[in-house]
$ cat query.txt   # compact mmCIF, N, CA and C atoms
# COMPACT_ATOMS: atom_id res chain seq x y z
N MET A 86 89.27 151.26 135.54
CA MET A 86 88.87 150.53 136.71
C MET A 86 90.11 149.89 137.34
N LYS A 87 90.19 149.95 138.63
CA LYS A 87 91.31 149.34 139.33
C LYS A 87 90.89 147.96 139.80
N THR A 88 91.84 147.03 139.75
CA THR A 88 91.60 145.68 140.24
C THR A 88 92.90 145.11 140.76
N THR A 89 92.80 144.05 141.50
CA THR A 89 93.98 143.39 142.05
C THR A 89 94.11 142.02 141.40
N LEU A 90 95.31 141.69 140.95
CA LEU A 90 95.57 140.40 140.34
C LEU A 90 96.64 139.67 141.11
N ASP A 91 96.50 138.36 141.20
CA ASP A 91 97.51 137.53 141.84
C ASP A 91 98.24 136.81 140.71
N LEU A 92 99.43 137.30 140.35
CA LEU A 92 100.18 136.76 139.23
C LEU A 92 101.42 136.01 139.71
N ASN A 93 101.82 135.04 138.94
CA ASN A 93 103.06 134.32 139.17
C ASN A 93 104.21 135.32 139.15
N ASP A 94 105.13 135.20 140.11
CA ASP A 94 106.23 136.17 140.22
C ASP A 94 107.06 136.27 138.94
N GLN A 95 107.39 135.14 138.34
CA GLN A 95 108.22 135.15 137.13
C GLN A 95 107.45 135.76 135.96
N LEU A 96 106.15 135.44 135.87
CA LEU A 96 105.32 136.02 134.81
C LEU A 96 105.27 137.54 134.94
N LEU A 97 105.09 138.02 136.14
CA LEU A 97 105.06 139.46 136.37
C LEU A 97 106.39 140.11 136.02
N ALA A 98 107.49 139.49 136.41
CA ALA A 98 108.81 140.04 136.10
C ALA A 98 109.04 140.08 134.59
N ASP A 99 108.65 139.00 133.90
CA ASP A 99 108.80 138.97 132.44
C ASP A 99 107.93 140.04 131.78
N ALA A 100 106.70 140.20 132.28
CA ALA A 100 105.79 141.20 131.72
C ALA A 100 106.32 142.61 131.93
N LYS A 101 106.85 142.87 133.12
CA LYS A 101 107.42 144.21 133.39
C LYS A 101 108.62 144.48 132.48
N ALA A 102 109.45 143.47 132.28
CA ALA A 102 110.61 143.64 131.41
C ALA A 102 110.17 143.91 129.97
N LEU A 103 109.16 143.18 129.51
CA LEU A 103 108.66 143.39 128.15
C LEU A 103 108.05 144.78 128.01
N ALA A 104 107.28 145.19 129.00
CA ALA A 104 106.67 146.52 128.96
C ALA A 104 107.75 147.60 128.90
N ALA A 105 108.79 147.45 129.67
CA ALA A 105 109.89 148.43 129.66
C ALA A 105 110.60 148.43 128.31
N GLN A 106 110.81 147.23 127.77
CA GLN A 106 111.49 147.11 126.47
C GLN A 106 110.66 147.78 125.37
N GLN A 107 109.35 147.64 125.45
CA GLN A 107 108.46 148.22 124.43
C GLN A 107 108.04 149.65 124.77
N ARG A 108 108.57 150.15 125.87
CA ARG A 108 108.26 151.51 126.34
C ARG A 108 106.76 151.74 126.46
N THR A 109 106.12 150.81 127.15
CA THR A 109 104.69 150.92 127.41
C THR A 109 104.48 150.57 128.88
N SER A 110 103.26 150.73 129.35
CA SER A 110 102.98 150.41 130.74
C SER A 110 102.57 148.95 130.89
N LEU A 111 102.73 148.45 132.10
CA LEU A 111 102.31 147.09 132.40
C LEU A 111 100.80 146.97 132.18
N THR A 112 100.06 147.99 132.55
CA THR A 112 98.60 148.00 132.35
C THR A 112 98.27 147.83 130.87
N ARG A 113 98.93 148.58 130.02
CA ARG A 113 98.68 148.51 128.57
C ARG A 113 99.03 147.13 128.03
N LEU A 114 100.13 146.56 128.50
CA LEU A 114 100.55 145.23 128.06
C LEU A 114 99.49 144.19 128.43
N ILE A 115 98.98 144.26 129.66
CA ILE A 115 97.95 143.32 130.10
C ILE A 115 96.66 143.53 129.31
N GLU A 116 96.28 144.79 129.06
CA GLU A 116 95.08 145.07 128.27
C GLU A 116 95.19 144.47 126.87
N GLU A 117 96.35 144.63 126.22
CA GLU A 117 96.55 144.09 124.88
C GLU A 117 96.45 142.56 124.89
N GLY A 118 97.04 141.94 125.91
CA GLY A 118 96.97 140.48 126.02
C GLY A 118 95.53 139.99 126.18
N LEU A 119 94.77 140.67 127.02
CA LEU A 119 93.37 140.29 127.22
C LEU A 119 92.56 140.50 125.95
N GLN A 120 92.81 141.59 125.25
CA GLN A 120 92.10 141.85 123.99
C GLN A 120 92.38 140.76 122.97
N LEU A 121 93.64 140.35 122.87
CA LEU A 121 94.00 139.28 121.92
C LEU A 121 93.27 137.99 122.27
N ARG A 122 93.25 137.62 123.55
CA ARG A 122 92.58 136.39 123.97
C ARG A 122 91.08 136.46 123.70
N LEU A 123 90.47 137.59 124.01
CA LEU A 123 89.03 137.73 123.81
C LEU A 123 88.66 137.70 122.32
N ARG A 124 89.47 138.33 121.49
CA ARG A 124 89.22 138.29 120.04
C ARG A 124 89.36 136.87 119.51
N ALA A 125 90.38 136.16 119.98
CA ALA A 125 90.59 134.78 119.54
C ALA A 125 89.42 133.89 119.98
N GLN A 126 88.92 134.12 121.17
CA GLN A 126 87.79 133.35 121.68
C GLN A 126 86.54 133.63 120.86
N ALA A 127 86.30 134.89 120.51
CA ALA A 127 85.13 135.27 119.74
C ALA A 127 85.19 134.71 118.32
N ALA A 128 86.41 134.64 117.76
CA ALA A 128 86.57 134.15 116.40
C ALA A 128 86.39 132.64 116.32
N GLY A 129 86.51 131.96 117.44
CA GLY A 129 86.39 130.51 117.44
C GLY A 129 87.71 129.87 117.08
N PRO A 130 87.74 128.55 117.15
CA PRO A 130 88.99 127.86 116.84
C PRO A 130 89.38 128.03 115.37
N ALA A 131 90.64 128.32 115.17
CA ALA A 131 91.13 128.49 113.79
C ALA A 131 91.30 127.11 113.18
N ARG A 132 90.54 126.87 112.14
CA ARG A 132 90.63 125.58 111.46
C ARG A 132 91.16 125.80 110.06
N SER A 133 92.28 125.23 109.82
CA SER A 133 92.83 125.34 108.48
C SER A 133 92.39 124.11 107.69
N ARG A 134 92.07 124.34 106.46
CA ARG A 134 91.62 123.24 105.62
C ARG A 134 92.83 122.42 105.21
N LYS A 135 92.78 121.14 105.49
CA LYS A 135 93.88 120.26 105.18
C LYS A 135 93.50 119.37 104.02
N SER A 136 94.44 119.20 103.13
CA SER A 136 94.17 118.31 102.01
C SER A 136 94.61 116.90 102.38
N LEU A 137 93.81 115.94 101.99
CA LEU A 137 94.12 114.55 102.26
C LEU A 137 94.99 114.00 101.14
N PRO A 138 95.90 113.11 101.48
CA PRO A 138 96.71 112.51 100.43
C PRO A 138 95.85 111.59 99.56
N VAL A 139 96.12 111.63 98.29
CA VAL A 139 95.36 110.81 97.35
C VAL A 139 96.34 109.96 96.56
N PHE A 140 96.10 108.65 96.56
CA PHE A 140 96.93 107.74 95.80
C PHE A 140 96.43 107.73 94.36
N LYS A 141 97.30 108.05 93.42
CA LYS A 141 96.91 108.13 92.02
C LYS A 141 97.53 107.03 91.19
N GLY A 142 97.96 105.97 91.86
CA GLY A 142 98.60 104.86 91.17
C GLY A 142 97.59 103.83 90.71
N ARG A 143 98.10 102.74 90.25
CA ARG A 143 97.24 101.65 89.79
C ARG A 143 97.04 100.64 90.91
N GLY A 144 96.17 99.71 90.64
CA GLY A 144 95.93 98.66 91.62
C GLY A 144 94.64 98.91 92.33
N GLY A 145 94.60 98.55 93.56
CA GLY A 145 93.39 98.73 94.35
C GLY A 145 93.30 97.65 95.39
N LEU A 146 92.11 97.45 95.88
CA LEU A 146 91.91 96.45 96.90
C LEU A 146 91.88 95.05 96.31
N VAL A 147 92.20 94.12 97.16
CA VAL A 147 92.12 92.72 96.77
C VAL A 147 90.66 92.41 96.45
N THR A 148 90.43 91.66 95.40
CA THR A 148 89.08 91.30 95.00
C THR A 148 88.35 90.65 96.17
N GLY A 149 87.16 91.12 96.45
CA GLY A 149 86.34 90.56 97.51
C GLY A 149 86.58 91.18 98.88
N LEU A 150 87.53 92.08 99.02
CA LEU A 150 87.83 92.70 100.31
C LEU A 150 86.88 93.86 100.55
N ASP A 151 86.21 93.84 101.71
CA ASP A 151 85.27 94.91 102.06
C ASP A 151 86.03 96.01 102.79
N PRO A 152 86.22 97.18 102.15
CA PRO A 152 87.00 98.25 102.78
C PRO A 152 86.30 98.88 103.98
N ARG A 153 85.02 98.58 104.19
CA ARG A 153 84.29 99.12 105.33
C ARG A 153 84.41 98.25 106.57
N SER A 154 85.08 97.11 106.44
CA SER A 154 85.19 96.18 107.55
C SER A 154 86.63 96.16 108.08
N ASN A 155 86.79 96.62 109.31
CA ASN A 155 88.11 96.59 109.94
C ASN A 155 88.61 95.16 110.06
N LYS A 156 87.69 94.25 110.40
CA LYS A 156 88.08 92.85 110.56
C LYS A 156 88.62 92.29 109.26
N ALA A 157 87.93 92.57 108.16
CA ALA A 157 88.37 92.06 106.85
C ALA A 157 89.72 92.66 106.47
N MET A 158 89.92 93.94 106.77
CA MET A 158 91.19 94.59 106.43
C MET A 158 92.33 93.98 107.25
N LEU A 159 92.10 93.75 108.54
CA LEU A 159 93.12 93.15 109.39
C LEU A 159 93.44 91.72 108.96
N GLU A 160 92.41 90.97 108.59
CA GLU A 160 92.63 89.61 108.13
C GLU A 160 93.47 89.61 106.85
N ALA A 161 93.21 90.56 105.96
CA ALA A 161 93.97 90.65 104.71
C ALA A 161 95.45 90.97 104.99
N LEU A 162 95.70 91.73 106.06
CA LEU A 162 97.07 92.07 106.46
C LEU A 162 97.75 90.92 107.21
N GLY A 163 96.93 90.02 107.72
CA GLY A 163 97.49 88.95 108.52
C GLY A 163 97.67 89.35 109.97
N ASP A 164 97.04 90.47 110.37
CA ASP A 164 97.12 90.97 111.74
C ASP A 164 95.81 90.73 112.48
N ASP A 165 95.26 89.57 112.40
CA ASP A 165 93.96 89.30 112.99
C ASP A 165 94.06 88.93 114.45
N ALA A 166 94.83 89.71 115.20
CA ALA A 166 95.08 89.43 116.62
C ALA A 166 93.87 89.58 117.45
$ encode --input "query.txt" --output "structure tokens"
Amino acid sequence: MKTTLDLNDQLLADAKALAAQQRTSLTRLIEEGLQLRLRAQAAGPARSRKSLPVFKGRGGLVTGLDPRSNKAMLEALGDDA
């Protein structure tokens, strides 16, 4: 199918240069780019599982400090602004 695209001049020049370097057509280069984007979209966002840092030392919270309260934590730090 033929279509008309309005591309940025520099993008088009870079694409033509890459196509020539890879000895392929500009059409093929654009098709490959679209296929990559469509596959990535179908696969969804790539989420890598991240491990959280874990403190394995001794100690802990100050006795009586509620770790679920931001206000209590800030007061314990002395940053109760």
$ atom_distance --input "query.txt" --atom1 "atom N of Thr88 (chain A)" --atom2 "CA of Arg113 (chain A)"
13.2 Å
$ atom_distance --input "query.txt" --atom1 "CA of Gly129 (chain A)" --atom2 "atom C of Leu111 (chain A)"
26.4 Å
$ atom_distance --input "query.txt" --atom1 "CA of Ala98 (chain A)" --atom2 "CA of Leu114 (chain A)"
12.6 Å
$ residues_around --input "query.txt" --residues "Lys101 (chain A)" --least-positions-apart "2" --cutoff "12 Å" --atoms "only C-alpha atoms" --output "NGL selection string"
:A and (92 or 94-99 or 103-115)
$ select_by_dssp --input "query.txt" --residues "region 93-160 of chain A" --states "helix (DSSP H, G or I)" --output "PyMOL selection string"
chain A and resi 94-106+111-128+155-160
$ write_last_selection --input "query.txt" --atoms "N, CA and C atoms" --output "short mmCIF file (atom, residue, chain, number, x, y, z; two decimals), in the frame of the given file"
data_model
loop_
_atom_site.label_atom_id
_atom_site.label_comp_id
_atom_site.auth_asym_id
_atom_site.auth_seq_id
_atom_site.Cartn_x
_atom_site.Cartn_y
_atom_site.Cartn_z
N ASP A 94 105.13 135.20 140.11
CA ASP A 94 106.23 136.17 140.22
C ASP A 94 107.06 136.27 138.94
N GLN A 95 107.39 135.14 138.34
CA GLN A 95 108.22 135.15 137.13
C GLN A 95 107.45 135.76 135.96
N LEU A 96 106.15 135.44 135.87
CA LEU A 96 105.32 136.02 134.81
C LEU A 96 105.27 137.54 134.94
N LEU A 97 105.09 138.02 136.14
CA LEU A 97 105.06 139.46 136.37
C LEU A 97 106.39 140.11 136.02
N ALA A 98 107.49 139.49 136.41
CA ALA A 98 108.81 140.04 136.10
C ALA A 98 109.04 140.08 134.59
N ASP A 99 108.65 139.00 133.90
CA ASP A 99 108.80 138.97 132.44
C ASP A 99 107.93 140.04 131.78
N ALA A 100 106.70 140.20 132.28
CA ALA A 100 105.79 141.20 131.72
C ALA A 100 106.32 142.61 131.93
N LYS A 101 106.85 142.87 133.12
CA LYS A 101 107.42 144.21 133.39
C LYS A 101 108.62 144.48 132.48
N ALA A 102 109.45 143.47 132.28
CA ALA A 102 110.61 143.64 131.41
C ALA A 102 110.17 143.91 129.97
N LEU A 103 109.16 143.18 129.51
CA LEU A 103 108.66 143.39 128.15
C LEU A 103 108.05 144.78 128.01
N ALA A 104 107.28 145.19 129.00
CA ALA A 104 106.67 146.52 128.96
C ALA A 104 107.75 147.60 128.90
N ALA A 105 108.79 147.45 129.67
CA ALA A 105 109.89 148.43 129.66
C ALA A 105 110.60 148.43 128.31
N GLN A 106 110.81 147.23 127.77
CA GLN A 106 111.49 147.11 126.47
C GLN A 106 110.66 147.78 125.37
N LEU A 111 102.73 148.45 132.10
CA LEU A 111 102.31 147.09 132.40
C LEU A 111 100.80 146.97 132.18
N THR A 112 100.06 147.99 132.55
CA THR A 112 98.60 148.00 132.35
C THR A 112 98.27 147.83 130.87
N ARG A 113 98.93 148.58 130.02
CA ARG A 113 98.68 148.51 128.57
C ARG A 113 99.03 147.13 128.03
N LEU A 114 100.13 146.56 128.50
CA LEU A 114 100.55 145.23 128.06
C LEU A 114 99.49 144.19 128.43
N ILE A 115 98.98 144.26 129.66
CA ILE A 115 97.95 143.32 130.10
C ILE A 115 96.66 143.53 129.31
N GLU A 116 96.28 144.79 129.06
CA GLU A 116 95.08 145.07 128.27
C GLU A 116 95.19 144.47 126.87
N GLU A 117 96.35 144.63 126.22
CA GLU A 117 96.55 144.09 124.88
C GLU A 117 96.45 142.56 124.89
N GLY A 118 97.04 141.94 125.91
CA GLY A 118 96.97 140.48 126.02
C GLY A 118 95.53 139.99 126.18
N LEU A 119 94.77 140.67 127.02
CA LEU A 119 93.37 140.29 127.22
C LEU A 119 92.56 140.50 125.95
N GLN A 120 92.81 141.59 125.25
CA GLN A 120 92.10 141.85 123.99
C GLN A 120 92.38 140.76 122.97
N LEU A 121 93.64 140.35 122.87
CA LEU A 121 94.00 139.28 121.92
C LEU A 121 93.27 137.99 122.27
N ARG A 122 93.25 137.62 123.55
CA ARG A 122 92.58 136.39 123.97
C ARG A 122 91.08 136.46 123.70
N LEU A 123 90.47 137.59 124.01
CA LEU A 123 89.03 137.73 123.81
C LEU A 123 88.66 137.70 122.32
N ARG A 124 89.47 138.33 121.49
CA ARG A 124 89.22 138.29 120.04
C ARG A 124 89.36 136.87 119.51
N ALA A 125 90.38 136.16 119.98
CA ALA A 125 90.59 134.78 119.54
C ALA A 125 89.42 133.89 119.98
N GLN A 126 88.92 134.12 121.17
CA GLN A 126 87.79 133.35 121.68
C GLN A 126 86.54 133.63 120.86
N ALA A 127 86.30 134.89 120.51
CA ALA A 127 85.13 135.27 119.74
C ALA A 127 85.19 134.71 118.32
N ALA A 128 86.41 134.64 117.76
CA ALA A 128 86.57 134.15 116.40
C ALA A 128 86.39 132.64 116.32
N ASN A 155 86.79 96.62 109.31
CA ASN A 155 88.11 96.59 109.94
C ASN A 155 88.61 95.16 110.06
N LYS A 156 87.69 94.25 110.40
CA LYS A 156 88.08 92.85 110.56
C LYS A 156 88.62 92.29 109.26
N ALA A 157 87.93 92.57 108.16
CA ALA A 157 88.37 92.06 106.85
C ALA A 157 89.72 92.66 106.47
N MET A 158 89.92 93.94 106.77
CA MET A 158 91.19 94.59 106.43
C MET A 158 92.33 93.98 107.25
N LEU A 159 92.10 93.75 108.54
CA LEU A 159 93.12 93.15 109.39
C LEU A 159 93.44 91.72 108.96
N GLU A 160 92.41 90.97 108.59
CA GLU A 160 92.63 89.61 108.13
C GLU A 160 93.47 89.61 106.85
#
$ residues_around --input "query.txt" --residues "region 146-150 of chain A" --least-positions-apart "3" --cutoff "12 Å" --atoms "only C-alpha atoms" --output "short mmCIF file (atom, residue, chain, number, x, y, z; two decimals) with N, CA and C atoms, in the frame of the given file"
data_model
loop_
_atom_site.label_atom_id
_atom_site.label_comp_id
_atom_site.auth_asym_id
_atom_site.auth_seq_id
_atom_site.Cartn_x
_atom_site.Cartn_y
_atom_site.Cartn_z
N ARG A 143 98.10 102.74 90.25
CA ARG A 143 97.24 101.65 89.79
C ARG A 143 97.04 100.64 90.91
N ARG A 153 85.02 98.58 104.19
CA ARG A 153 84.29 99.12 105.33
C ARG A 153 84.41 98.25 106.57
N SER A 154 85.08 97.11 106.44
CA SER A 154 85.19 96.18 107.55
C SER A 154 86.63 96.16 108.08
N ASN A 155 86.79 96.62 109.31
CA ASN A 155 88.11 96.59 109.94
C ASN A 155 88.61 95.16 110.06
N LYS A 156 87.69 94.25 110.40
CA LYS A 156 88.08 92.85 110.56
C LYS A 156 88.62 92.29 109.26
N ALA A 157 87.93 92.57 108.16
CA ALA A 157 88.37 92.06 106.85
C ALA A 157 89.72 92.66 106.47
N MET A 158 89.92 93.94 106.77
CA MET A 158 91.19 94.59 106.43
C MET A 158 92.33 93.98 107.25
N LEU A 159 92.10 93.75 108.54
CA LEU A 159 93.12 93.15 109.39
C LEU A 159 93.44 91.72 108.96
N GLU A 160 92.41 90.97 108.59
CA GLU A 160 92.63 89.61 108.13
C GLU A 160 93.47 89.61 106.85
N ALA A 161 93.21 90.56 105.96
CA ALA A 161 93.97 90.65 104.71
C ALA A 161 95.45 90.97 104.99
N LEU A 162 95.70 91.73 106.06
CA LEU A 162 97.07 92.07 106.46
C LEU A 162 97.75 90.92 107.21
#
